[in-house]
file final.cif (mmCIF, C-alpha atoms)
data_structure
#
loop_
_atom_site.label_atom_id
_atom_site.label_comp_id
_atom_site.auth_asym_id
_atom_site.auth_seq_id
_atom_site.Cartn_x
_atom_site.Cartn_y
_atom_site.Cartn_z
CA MET A 1 -13.33 19.32 -6.12
CA THR A 2 -10.53 17.01 -7.22
CA ALA A 3 -9.49 14.63 -4.43
CA SER A 4 -6.26 12.70 -4.06
CA MET A 5 -6.22 9.13 -2.80
CA THR A 6 -3.34 9.98 -0.45
CA GLY A 7 -4.10 11.41 2.97
CA PHE A 8 -3.74 11.08 6.74
CA ALA A 9 -5.86 12.06 9.72
CA ALA A 10 -5.68 11.36 13.45
CA HIS A 11 -8.12 12.05 16.27
CA SER A 12 -7.95 11.46 20.03
CA LEU A 13 -10.81 11.19 22.50
CA THR A 14 -10.50 11.41 26.28
CA LEU A 15 -13.21 9.60 28.20
CA ASP A 16 -13.65 8.64 31.85
CA HIS A 17 -10.76 6.33 32.73
CA ALA A 18 -9.64 5.87 29.08
CA SER A 19 -8.46 7.56 25.90
CA VAL A 20 -9.21 6.46 22.35
CA SER A 21 -6.96 7.13 19.34
CA ILE A 22 -8.23 6.92 15.76
CA ASP A 23 -5.87 7.01 12.77
CA LEU A 24 -6.81 6.93 9.09
CA ARG A 25 -4.20 6.55 6.36
CA SER A 26 -4.93 6.25 2.64
CA VAL A 27 -2.76 5.63 -0.41
CA ASN A 28 -3.33 4.87 -4.08
CA GLN A 29 -5.40 1.87 -5.05
CA ARG A 30 -7.50 1.02 -8.09
CA PHE A 31 -10.56 0.37 -5.94
CA LEU A 32 -11.51 1.04 -2.33
CA GLU A 33 -9.67 -1.41 -0.06
CA LEU A 34 -10.16 -1.17 3.70
CA HIS A 35 -7.93 -2.60 6.45
CA PHE A 36 -8.75 -2.39 10.17
CA ARG A 37 -6.50 -2.60 13.22
CA LEU A 38 -8.91 -2.40 16.12
CA ALA A 39 -8.52 -2.86 19.86
CA ASP A 40 -10.33 -5.96 21.08
CA GLU A 41 -13.05 -3.80 22.63
CA PHE A 42 -13.97 -2.42 19.20
CA ARG A 43 -13.83 -5.45 16.91
CA SER A 44 -17.61 -5.71 16.83
CA LEU A 45 -17.73 -2.18 15.39
CA GLU A 46 -15.90 -3.09 12.19
CA PRO A 47 -19.05 -3.40 10.00
CA GLN A 48 -20.26 0.04 11.11
CA LEU A 49 -16.82 1.59 10.65
CA ARG A 50 -16.60 0.02 7.21
CA ASP A 51 -19.97 1.48 6.22
CA LEU A 52 -18.98 4.96 7.40
CA ILE A 53 -15.79 4.92 5.32
CA ASN A 54 -17.56 3.45 2.28
CA ASN A 55 -20.02 6.33 2.38
CA ARG A 56 -17.27 8.96 2.23
CA LEU A 57 -14.52 7.47 0.04
CA ALA A 58 -14.64 5.89 -3.40
CA ARG A 59 -11.06 4.74 -4.06
CA GLY A 60 -7.83 4.15 -2.20
CA LYS A 61 -6.19 1.69 0.16
CA VAL A 62 -7.33 2.85 3.61
CA GLU A 63 -6.01 1.68 6.96
CA CYS A 64 -8.12 2.42 10.04
CA ARG A 65 -6.53 2.06 13.49
CA VAL A 66 -8.53 2.40 16.69
CA SER A 67 -6.70 1.88 19.99
CA LEU A 68 -7.83 2.09 23.61
CA ASN A 69 -5.52 3.31 26.38
CA LEU A 70 -6.61 2.98 30.01
CA LEU A 71 -5.77 6.00 32.12
CA PRO A 72 -3.93 5.41 35.43
CA ALA A 73 -7.13 5.96 37.40
CA ALA A 74 -8.73 3.05 35.59
CA THR A 75 -6.36 0.48 37.12
CA LEU A 76 -5.62 2.08 40.49
CA ASP A 77 -6.32 -0.22 43.45
CA ASN A 78 -8.79 -2.35 41.54
CA GLY A 79 -6.96 -5.62 42.16
CA LEU A 80 -6.96 -8.77 40.07
CA ASN A 81 -9.94 -10.40 38.42
CA PRO A 82 -10.58 -13.70 40.29
CA ALA A 83 -12.60 -15.19 37.45
CA ILE A 84 -9.78 -14.65 34.96
CA LEU A 85 -7.18 -16.02 37.39
CA GLU A 86 -9.26 -19.15 38.03
CA ARG A 87 -9.68 -19.66 34.29
CA LEU A 88 -5.95 -19.22 33.65
CA SER A 89 -5.13 -21.65 36.44
CA HIS A 90 -7.49 -24.24 34.98
CA TRP A 91 -6.06 -23.76 31.47
CA GLN A 92 -2.48 -23.97 32.75
CA ALA A 93 -3.17 -27.19 34.67
CA ASP A 94 -4.75 -28.73 31.57
CA VAL A 95 -1.82 -27.70 29.35
CA LEU A 96 0.80 -28.97 31.81
CA GLN A 97 -1.02 -32.28 32.10
CA ARG A 98 -0.98 -32.71 28.33
CA LEU A 99 2.41 -31.06 27.76
CA PRO A 100 4.50 -31.58 30.91
CA ASN A 101 7.52 -29.78 29.47
CA SER A 102 5.61 -26.54 28.87
CA ALA A 103 6.73 -23.48 30.83
CA PRO A 104 4.20 -22.18 33.37
CA LEU A 105 2.78 -18.69 33.07
CA SER A 106 4.90 -15.94 34.58
CA VAL A 107 3.49 -13.19 36.78
CA ASN A 108 4.14 -10.67 34.01
CA GLU A 109 2.21 -12.79 31.50
CA VAL A 110 -0.70 -13.12 33.90
CA LEU A 111 -0.83 -9.37 34.54
CA ARG A 112 -0.78 -8.66 30.82
CA TRP A 113 -3.61 -11.08 30.11
CA PRO A 114 -6.70 -9.20 28.84
CA GLY A 115 -9.03 -8.61 31.78
CA ALA A 116 -6.69 -10.03 34.43
CA VAL A 117 -6.34 -6.65 36.12
CA GLN A 118 -9.69 -5.27 37.17
CA THR A 119 -10.34 -1.83 35.79
CA ALA A 120 -12.84 0.86 36.50
CA THR A 121 -16.11 0.12 34.82
CA LEU A 122 -16.17 1.35 31.23
CA SER A 123 -19.49 1.37 29.45
CA GLN A 124 -19.05 -0.45 26.14
CA ASP A 125 -22.00 1.44 24.67
CA ALA A 126 -20.39 4.75 25.60
CA LEU A 127 -17.09 3.62 24.12
CA ASN A 128 -18.74 2.52 20.88
CA GLU A 129 -20.68 5.76 20.58
CA ALA A 130 -17.50 7.78 21.13
CA VAL A 131 -15.57 5.80 18.51
CA LEU A 132 -18.29 6.19 15.87
CA ALA A 133 -18.50 9.95 16.52
CA GLY A 134 -14.71 10.16 16.50
CA LEU A 135 -14.50 8.38 13.16
CA HIS A 136 -16.89 10.94 11.66
CA GLU A 137 -14.51 13.73 12.67
CA THR A 138 -11.44 11.81 11.54
CA LEU A 139 -13.05 11.14 8.17
CA ASP A 140 -13.76 14.87 7.81
CA GLU A 141 -10.07 15.56 8.39
CA LEU A 142 -9.00 12.81 5.96
CA VAL A 143 -11.31 14.11 3.24
CA GLU A 144 -9.95 17.63 3.72
CA SER A 145 -6.42 16.28 3.52
CA ARG A 146 -7.20 14.45 0.29
CA LEU A 147 -8.87 17.54 -1.17
CA ARG A 148 -5.85 19.73 -0.40
CA GLU A 149 -3.58 17.22 -2.11
CA GLY A 150 -6.09 16.90 -4.96
CA ALA A 151 -6.01 20.66 -5.59
CA LYS A 152 -2.24 20.48 -6.07
CA LEU A 153 -2.60 17.53 -8.44
CA LYS A 154 -5.26 19.36 -10.44
CA GLN A 155 -3.06 22.41 -10.86
CA HIS A 156 -0.14 20.24 -11.92
CA ILE A 157 -2.31 18.57 -14.58
CA LEU A 158 -3.73 21.89 -15.79
CA ASP A 159 -0.22 23.33 -16.16
CA ARG A 160 0.86 20.37 -18.34
CA LEU A 161 -2.44 20.46 -20.20
CA GLY A 162 -1.91 24.12 -21.06
CA ALA A 163 1.59 23.33 -22.33
CA ALA A 164 0.20 20.49 -24.48
CA GLU A 165 -2.47 22.78 -25.93
CA ALA A 166 0.23 25.33 -26.74
CA GLN A 167 2.22 22.67 -28.62
CA VAL A 168 -0.79 21.79 -30.77
CA ALA A 169 -1.58 25.48 -31.33
CA SER A 170 2.00 26.14 -32.48
CA LEU A 171 1.80 23.33 -35.04
CA GLN A 172 -1.61 24.17 -36.51
CA PRO A 173 -0.53 27.23 -38.59
CA LEU A 174 2.43 25.32 -40.04
CA LEU A 175 0.38 22.46 -41.47
CA PRO A 176 -0.47 23.98 -44.90
CA ALA A 177 3.16 24.87 -45.61
CA LEU A 178 4.41 21.49 -44.34
CA ALA A 179 1.86 19.64 -46.48
CA ALA A 180 2.76 21.71 -49.58
CA ALA A 181 6.48 21.08 -49.07
CA GLN A 182 5.82 17.35 -48.68
CA ARG A 183 3.75 17.24 -51.88
CA ASP A 184 6.48 19.10 -53.81
CA ARG A 185 9.19 16.74 -52.57
CA LEU A 186 7.14 13.66 -53.39
CA ALA A 187 6.14 14.97 -56.81
CA GLU A 188 9.76 15.66 -57.69
CA ARG A 189 10.82 12.14 -56.68
CA LEU A 190 7.99 10.56 -58.63
CA ARG A 191 8.79 12.62 -61.74
CA ASP A 192 12.37 11.42 -61.53
CA ALA A 193 11.12 7.83 -61.27
CA LEU A 194 8.18 7.87 -63.69
CA GLY A 195 9.02 10.67 -66.08
CA GLU A 196 6.41 12.90 -67.70
CA THR A 197 4.52 9.86 -69.06
CA GLY A 198 3.48 8.96 -65.52
CA HIS A 199 1.63 12.21 -64.93
CA GLU A 200 -1.68 10.57 -63.94
CA ARG A 201 0.02 8.01 -61.71
CA LEU A 202 2.06 10.82 -60.15
CA ALA A 203 -1.07 12.77 -59.22
CA GLN A 204 -2.64 9.68 -57.65
CA GLU A 205 0.46 8.88 -55.59
CA VAL A 206 0.81 12.47 -54.40
CA ALA A 207 -2.84 12.61 -53.37
CA LEU A 208 -2.57 9.27 -51.52
CA ALA A 209 0.61 10.31 -49.70
CA ALA A 210 -0.93 13.65 -48.73
CA GLN A 211 -3.93 11.83 -47.28
CA LYS A 212 -1.75 9.50 -45.22
CA ALA A 213 0.32 12.41 -43.91
CA ASP A 214 -2.69 14.56 -43.00
CA VAL A 215 -2.74 15.09 -39.21
CA ASP A 216 -5.74 17.42 -38.97
CA GLU A 217 -7.87 14.60 -37.55
CA GLU A 218 -5.32 13.79 -34.85
CA LEU A 219 -4.98 17.43 -33.84
CA SER A 220 -8.75 17.79 -33.71
CA ARG A 221 -9.11 14.72 -31.47
CA LEU A 222 -6.30 15.98 -29.22
CA ALA A 223 -8.14 19.29 -28.80
CA THR A 224 -11.36 17.42 -27.99
CA HIS A 225 -9.62 15.28 -25.38
CA PHE A 226 -7.96 18.37 -23.86
CA SER A 227 -11.38 19.96 -23.41
CA GLU A 228 -12.76 16.77 -21.89
CA VAL A 229 -9.90 16.61 -19.36
CA ARG A 230 -10.72 20.16 -18.24
CA ARG A 231 -14.41 19.30 -17.97
CA VAL A 232 -13.77 16.15 -15.91
CA LEU A 233 -11.37 17.99 -13.58
CA ASP A 234 -14.20 20.37 -12.69
CA GLN A 235 -16.54 17.52 -11.75
CA ALA A 236 -17.12 16.28 -8.22
CA GLY A 237 -16.74 12.70 -7.06
CA ALA A 238 -14.46 9.91 -8.28
CA ILE A 239 -12.90 11.06 -11.58
CA GLY A 240 -9.56 9.23 -11.56
CA LYS A 241 -10.58 6.32 -13.79
CA ARG A 242 -12.11 8.65 -16.38
CA LEU A 243 -8.97 10.79 -16.43
CA ASP A 244 -6.80 7.69 -16.77
CA PHE A 245 -8.80 6.64 -19.84
CA LEU A 246 -8.39 10.12 -21.35
CA MET A 247 -4.63 9.97 -20.79
CA GLN A 248 -4.54 6.70 -22.76
CA GLU A 249 -6.48 8.33 -25.60
CA LEU A 250 -4.19 11.37 -25.61
CA HIS A 251 -1.13 9.16 -25.75
CA ARG A 252 -2.58 7.18 -28.64
CA GLU A 253 -3.24 10.35 -30.65
CA ALA A 254 0.25 11.68 -29.91
CA ASN A 255 1.72 8.39 -31.11
CA THR A 256 -0.32 8.52 -34.31
CA LEU A 257 0.79 12.11 -34.87
CA GLY A 258 4.40 11.00 -34.64
CA SER A 259 3.92 8.00 -36.94
CA LYS A 260 2.34 10.21 -39.65
CA SER A 261 5.00 12.90 -39.28
CA VAL A 262 6.68 14.08 -42.49
CA ALA A 263 8.52 17.02 -40.94
CA VAL A 264 10.80 17.75 -38.01
CA GLU A 265 8.24 20.14 -36.55
CA THR A 266 5.54 17.49 -36.32
CA SER A 267 7.92 14.94 -34.79
CA ARG A 268 9.04 17.48 -32.19
CA VAL A 269 5.47 18.29 -31.18
CA SER A 270 4.61 14.59 -30.96
CA LEU A 271 7.58 13.98 -28.63
CA GLU A 272 6.77 16.98 -26.45
CA LEU A 273 3.15 15.86 -26.19
CA LYS A 274 4.11 12.37 -25.09
CA VAL A 275 6.35 13.78 -22.34
CA LEU A 276 3.60 16.11 -21.08
CA ILE A 277 0.93 13.38 -21.26
CA GLU A 278 3.13 11.00 -19.29
CA GLN A 279 3.64 13.67 -16.63
CA MET A 280 -0.12 14.15 -16.40
CA ARG A 281 -0.74 10.40 -16.29
CA GLU A 282 1.60 9.99 -13.31
CA GLN A 283 -0.44 12.52 -11.35
CA VAL A 284 -3.77 11.09 -12.50
CA GLN A 285 -2.80 7.80 -10.83
CA ASN A 286 -3.11 9.63 -7.50
CA ILE A 287 -6.60 11.02 -8.10
CA GLU A 288 -9.65 9.39 -6.55
#
call {"tool": "encode", "arguments": {"input": "final.cif", "output": "C-alpha cells"}}
result
Amino acid sequence: MTASMTGFAAHSLTLDHASVSIDLRSVNQRFLELHFRLADEFRSLEPQLRDLINNRLARGKVECRVSLNLLPAATLDNGLNPAILERLSHWQADVLQRLPNSAPLSVNEVLRWPGAVQTATLSQDALNEAVLAGLHETLDELVESRLREGAKLKQHILDRLGAAEAQVASLQPLLPALAAAQRDRLAERLRDALGETGHERLAQEVALAAQKADVDEELSRLATHFSEVRRVLDQAGAIGKRLDFLMQELHREANTLGSKSVAVETSRVSLELKVLIEQMREQVQNIE
C-alpha cells in the first residue's frame, strides 16, 4: 500500500506511581531523519528506539517524544533525598567560594532538582520494557496514519494520471491529419520560394520537417511512463523516489511534445499535461 511520510500517533501508559506518554510525528524528508526528545530516565533507550523506528519506516523526518509523569502517590510523604541535598550543598559552597556574587539556590530550585524529592521506587527495567512495548503500539498507529494519508495521495495521483492519459488519447487520432496539414503548408511555402525547379529539394525539406514534427515517439514514451506509474503505485514499500523520477521523465516528454508542436491541438495537450504532471509531482513529494 502507498504510504505518506506525514503522520501522527500518541500512546499513554499508566504504571505503578507513574505514567508514560509517547508521541511520534513525521513529515516529509528525502531520507529517514530521526529526532528524540526523551525524559532523562529513558535516554539510554535511544539506540533501541532508533532501531525500532528504522525497522518500520523508510523515509520522513520523525520526532519521537517520550515523557515520564510521576503520579501523586509517587511523591507523597517520601521526603527529601539527603544524598542529593548534601551534594547540592557541597556544589553551592564551591561555587560561592569561586564566584562570591552568585545567587544561592532557592527552595523552589532545590525541590525541582532531579532526584531531590524522594519518590516511590520505580523499577527502571520495568519502565524501559513498558516504553519499548509502547513504542511498538505507537509505531503501529503511525504506520496506519501514514497509510490512510497515502491512500488519499494515491487516488489523487491516479485521478490526474487518468486525465493525462485522456489528453494523450484525444491527440492520437488527430496526428495523421495534423501531419498532412503541416506537410501541405510547408510544401506550398517551399514551392513559392523555390519554384517548380526545386522539386527534389522541396521533397527533402518536407520529409525532414515532417520527421522533426513527428510526436509519435513522445506519445509512446508518455504512455509507457503512465503504465509504470500505475505499476509502482501498486507496489509495497518505499516508492516515492521512483515516482519522483517518473514525474521528471513525464515532464521532459511533455516539454518535448510542446517544442515539436506544429498545431494548436498539440500545444494545448502539452500544456494540459504539464499542469497535470506538476499536480502529481506535488503529491509524490509526500509519498514514502
call {"tool": "atom_distance", "arguments": {"input": "final.cif", "atom1": "atom CA of A:Leu233", "atom2": "atom CA of A:Gly60"}}
result
18.3 Å
call {"tool": "resolve_selection", "arguments": {"input": "final.cif", "expression": "the PyMOL selection byres ((chain A and resi 254) around 10)", "output": "PyMOL selection string"}}
result
chain A and resi 218-219+221-222+248-253+255-259+267+269-275+277
call {"tool": "residues_around", "arguments": {"input": "final.cif", "residues": "A:Arg50", "least_positions_apart": "3", "cutoff": "10 Å", "atoms": "only C-alpha atoms", "output": "list in words"}}
result
Leu34, His35, Phe36, Leu45, Glu46, Pro47, Ile53, Asn54, Asn55 and Cys64 of chain A
call {"tool": "write_last_selection", "arguments": {"input": "final.cif", "atoms": "C-alpha atoms", "output": "JSON list (two decimals), in the frame of the given file"}}
result
[["chain", "number", "residue", "atom", "x", "y", "z"],
["A", 34, "LEU", "CA", -10.16, -1.17, 3.70],
["A", 35, "HIS", "CA", -7.93, -2.60, 6.45],
["A", 36, "PHE", "CA", -8.75, -2.39, 10.17],
["A", 45, "LEU", "CA", -17.73, -2.18, 15.39],
["A", 46, "GLU", "CA", -15.90, -3.09, 12.19],
["A", 47, "PRO", "CA", -19.05, -3.40, 10.00],
["A", 53, "ILE", "CA", -15.79, 4.92, 5.32],
["A", 54, "ASN", "CA", -17.56, 3.45, 2.28],
["A", 55, "ASN", "CA", -20.02, 6.33, 2.38],
["A", 64, "CYS", "CA", -8.12, 2.42, 10.04]]
call {"tool": "atom_distance", "arguments": {"input": "final.cif", "atom1": "atom CA of A:Asp51", "atom2": "atom CA of A:Glu33"}}
result
12.4 Å
call {"tool": "resolve_selection", "arguments": {"input": "final.cif", "expression": "the PyMOL selection byres ((chain A and resi 158) around 12)", "output": "PDB file with C-alpha atoms, in the frame of the given file"}}
result
ATOM      1  CA  THR A   2     -10.530  17.010  -7.220  1.00  0.00           C
ATOM      2  CA  ALA A 151      -6.010  20.660  -5.590  1.00  0.00           C
ATOM      3  CA  LYS A 152      -2.240  20.480  -6.070  1.00  0.00           C
ATOM      4  CA  LEU A 153      -2.600  17.530  -8.440  1.00  0.00           C
ATOM      5  CA  LYS A 154      -5.260  19.360 -10.440  1.00  0.00           C
ATOM      6  CA  GLN A 155      -3.060  22.410 -10.860  1.00  0.00           C
ATOM      7  CA  HIS A 156      -0.140  20.240 -11.920  1.00  0.00           C
ATOM      8  CA  ILE A 157      -2.310  18.570 -14.580  1.00  0.00           C
ATOM      9  CA  ASP A 159      -0.220  23.330 -16.160  1.00  0.00           C
ATOM     10  CA  ARG A 160       0.860  20.370 -18.340  1.00  0.00           C
ATOM     11  CA  LEU A 161      -2.440  20.460 -20.200  1.00  0.00           C
ATOM     12  CA  GLY A 162      -1.910  24.120 -21.060  1.00  0.00           C
ATOM     13  CA  ALA A 163       1.590  23.330 -22.330  1.00  0.00           C
ATOM     14  CA  ALA A 164       0.200  20.490 -24.480  1.00  0.00           C
ATOM     15  CA  GLU A 165      -2.470  22.780 -25.930  1.00  0.00           C
ATOM     16  CA  PHE A 226      -7.960  18.370 -23.860  1.00  0.00           C
ATOM     17  CA  SER A 227     -11.380  19.960 -23.410  1.00  0.00           C
ATOM     18  CA  VAL A 229      -9.900  16.610 -19.360  1.00  0.00           C
ATOM     19  CA  ARG A 230     -10.720  20.160 -18.240  1.00  0.00           C
ATOM     20  CA  ARG A 231     -14.410  19.300 -17.970  1.00  0.00           C
ATOM     21  CA  VAL A 232     -13.770  16.150 -15.910  1.00  0.00           C
ATOM     22  CA  LEU A 233     -11.370  17.990 -13.580  1.00  0.00           C
ATOM     23  CA  ASP A 234     -14.200  20.370 -12.690  1.00  0.00           C
ATOM     24  CA  LEU A 276       3.600  16.110 -21.080  1.00  0.00           C
ATOM     25  CA  ILE A 277       0.930  13.380 -21.260  1.00  0.00           C
ATOM     26  CA  GLN A 279       3.640  13.670 -16.630  1.00  0.00           C
ATOM     27  CA  MET A 280      -0.120  14.150 -16.400  1.00  0.00           C
ATOM     28  CA  ARG A 281      -0.740  10.400 -16.290  1.00  0.00           C
ATOM     29  CA  GLN A 283      -0.440  12.520 -11.350  1.00  0.00           C
ATOM     30  CA  VAL A 284      -3.770  11.090 -12.500  1.00  0.00           C
TER      31      VAL A 284
END
